[in-house]
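**Student:** The structure follows.
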Amino acid sequence: MDKPQRGYWCECWTQDLTSEARPILRASFDAYSAPQADRWVAVALRTISPALDPDASQEAWEWLYDGRIATRKALLRAEPYTVALTQAGTRITWTIRPAIFLPLAHRQGIELPSCASEFKPHTD
């Protein structure tokens with residue numbers, strides 16, 4: 001990849017609703033297509049759905065059957081999308097946002113700067 005590439009930045013956050021704690025980032029994923037982005041959420045929901053309470057499980061399966069269509073349409077319009085459910089006082093939120101991924105320099109086949117060989121690990 002030598003040019004910026006369009007895609008989607010996906011995150012999964014949890015928040016304990018019984019306390020004043022801030023949300024915690026649990027996972028992130030860089031997707032390069034709308035199907036790949038919504039599939040990331042779908043796999044997570046299918047994986048955790050057996051452990052969810054009945055209400056949260058119903059929310060999950062409603063999104064899996066009907067919500068994915070709205071999600072995919074929003075992503076194809078380059079709009080962000082959020083999927084959320086609540087399980088026993090914990091809010092789980094997946095976000096998908098359009099992103100432009102910039103290429104990074106690869107170290108393979110490139111000589112490192114001379115100072116790299118001067119690095120000595122710190123020993124106590």
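We label chains A, B, ... in the order they appear in the structure tokens, count residues from 1 in each chain, and number ligands from 1 in the order shown.
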So which residues touch region 23-29 of chain A within 8 Å, counting only C-alpha atoms, skipping near sequence neighbours fewer than 4 positions away, as a ChimeraX atom specification?
**Tutor:** /A:9-16,40
**Student:** Using the selection just defined, write its residues with all heavy atoms as a JSON list (two decimals), in the first residue's frame.
**Tutor:**
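The resulting file, result_33.json, is reproduced below:
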```json
[["chain", "number", "residue", "atom", "x", "y", "z"],
["A", 9, "TRP", "N", -12.67, 2.53, 10.50],
["A", 9, "TRP", "CA", -12.05, 2.28, 11.79],
["A", 9, "TRP", "C", -13.16, 1.79, 12.72],
["A", 9, "TRP", "O", -14.15, 2.48, 12.93],
["A", 9, "TRP", "CB", -11.39, 3.54, 12.33],
["A", 9, "TRP", "CG", -10.71, 3.28, 13.63],
["A", 9, "TRP", "CD1", -11.04, 3.79, 14.85],
["A", 9, "TRP", "CD2", -9.58, 2.43, 13.85],
["A", 9, "TRP", "NE1", -10.18, 3.31, 15.81],
["A", 9, "TRP", "CE2", -9.27, 2.47, 15.22],
["A", 9, "TRP", "CE3", -8.80, 1.63, 13.02],
["A", 9, "TRP", "CZ2", -8.22, 1.75, 15.77],
["A", 9, "TRP", "CZ3", -7.75, 0.92, 13.57],
["A", 9, "TRP", "CH2", -7.48, 0.98, 14.93],
["A", 10, "CYS", "N", -12.98, 0.60, 13.27],
["A", 10, "CYS", "CA", -13.99, -0.04, 14.10],
["A", 10, "CYS", "C", -13.47, -0.16, 15.53],
["A", 10, "CYS", "O", -12.31, -0.50, 15.74],
["A", 10, "CYS", "CB", -14.29, -1.44, 13.57],
["A", 10, "CYS", "SG", -14.64, -1.50, 11.80],
["A", 11, "GLU", "N", -14.34, 0.09, 16.49],
["A", 11, "GLU", "CA", -13.97, -0.02, 17.90],
["A", 11, "GLU", "C", -15.09, -0.69, 18.68],
["A", 11, "GLU", "O", -16.26, -0.57, 18.33],
["A", 11, "GLU", "CB", -13.71, 1.36, 18.52],
["A", 11, "GLU", "CG", -12.55, 2.09, 17.92],
["A", 11, "GLU", "CD", -12.36, 3.48, 18.49],
["A", 11, "GLU", "OE1", -13.33, 4.07, 19.01],
["A", 11, "GLU", "OE2", -11.24, 3.98, 18.41],
["A", 12, "CYS", "N", -14.71, -1.36, 19.76],
["A", 12, "CYS", "CA", -15.66, -1.92, 20.71],
["A", 12, "CYS", "C", -15.33, -1.33, 22.08],
["A", 12, "CYS", "O", -14.19, -1.45, 22.55],
["A", 12, "CYS", "CB", -15.57, -3.44, 20.75],
["A", 12, "CYS", "SG", -16.70, -4.16, 21.97],
["A", 13, "TRP", "N", -16.32, -0.71, 22.70],
["A", 13, "TRP", "CA", -16.18, -0.09, 24.01],
["A", 13, "TRP", "C", -17.15, -0.72, 24.99],
["A", 13, "TRP", "O", -18.25, -1.14, 24.60],
["A", 13, "TRP", "CB", -16.51, 1.40, 23.92],
["A", 13, "TRP", "CG", -15.55, 2.21, 23.12],
["A", 13, "TRP", "CD1", -15.51, 2.32, 21.75],
["A", 13, "TRP", "CD2", -14.49, 3.00, 23.61],
["A", 13, "TRP", "NE1", -14.49, 3.16, 21.39],
["A", 13, "TRP", "CE2", -13.85, 3.59, 22.50],
["A", 13, "TRP", "CE3", -14.03, 3.29, 24.90],
["A", 13, "TRP", "CZ2", -12.76, 4.45, 22.63],
["A", 13, "TRP", "CZ3", -12.94, 4.14, 25.02],
["A", 13, "TRP", "CH2", -12.32, 4.70, 23.90],
["A", 14, "THR", "N", -16.77, -0.77, 26.25],
["A", 14, "THR", "CA", -17.71, -1.16, 27.29],
["A", 14, "THR", "C", -17.73, -0.07, 28.35],
["A", 14, "THR", "O", -16.74, 0.64, 28.56],
["A", 14, "THR", "CB", -17.32, -2.50, 27.97],
["A", 14, "THR", "OG1", -16.04, -2.37, 28.57],
["A", 14, "THR", "CG2", -17.35, -3.64, 26.98],
["A", 15, "GLN", "N", -18.88, 0.05, 29.00],
["A", 15, "GLN", "CA", -19.03, 1.02, 30.08],
["A", 15, "GLN", "C", -19.90, 0.43, 31.17],
["A", 15, "GLN", "O", -20.99, -0.09, 30.90],
["A", 15, "GLN", "CB", -19.64, 2.32, 29.58],
["A", 15, "GLN", "CG", -19.75, 3.38, 30.66],
["A", 15, "GLN", "CD", -20.25, 4.70, 30.13],
["A", 15, "GLN", "OE1", -20.81, 4.78, 29.04],
["A", 15, "GLN", "NE2", -20.05, 5.75, 30.90],
["A", 16, "ASP", "N", -19.41, 0.50, 32.40],
["A", 16, "ASP", "CA", -20.16, 0.05, 33.57],
["A", 16, "ASP", "C", -21.17, 1.14, 33.91],
["A", 16, "ASP", "O", -20.79, 2.23, 34.33],
["A", 16, "ASP", "CB", -19.22, -0.20, 34.74],
["A", 16, "ASP", "CG", -19.93, -0.70, 35.98],
["A", 16, "ASP", "OD1", -21.19, -0.72, 36.01],
["A", 16, "ASP", "OD2", -19.23, -1.09, 36.93],
["A", 40, "TRP", "N", -17.28, -7.62, 11.22],
["A", 40, "TRP", "CA", -16.53, -7.62, 12.47],
["A", 40, "TRP", "C", -17.50, -7.53, 13.65],
["A", 40, "TRP", "O", -17.37, -8.26, 14.62],
["A", 40, "TRP", "CB", -15.53, -6.45, 12.48],
["A", 40, "TRP", "CG", -14.66, -6.40, 13.70],
["A", 40, "TRP", "CD1", -13.65, -7.26, 14.02],
["A", 40, "TRP", "CD2", -14.73, -5.45, 14.75],
["A", 40, "TRP", "NE1", -13.08, -6.88, 15.21],
["A", 40, "TRP", "CE2", -13.72, -5.78, 15.68],
["A", 40, "TRP", "CE3", -15.53, -4.34, 15.00],
["A", 40, "TRP", "CZ2", -13.49, -5.05, 16.85],
["A", 40, "TRP", "CZ3", -15.31, -3.61, 16.16],
["A", 40, "TRP", "CH2", -14.31, -3.97, 17.06]]
```
**Student:** Quote the spacing between CA of Gly89 (chain A) and CA of Arg39 (chain A) in Å to one decimal place.
**Tutor:** 25.7 Å
**Student:** Give me every strand (DSSP E or B) residue in region 17-109 of chain A, going by DSSP on the backbone, as number ranges by chain.
**Tutor:** A: 24-31, 81-87, 90-101
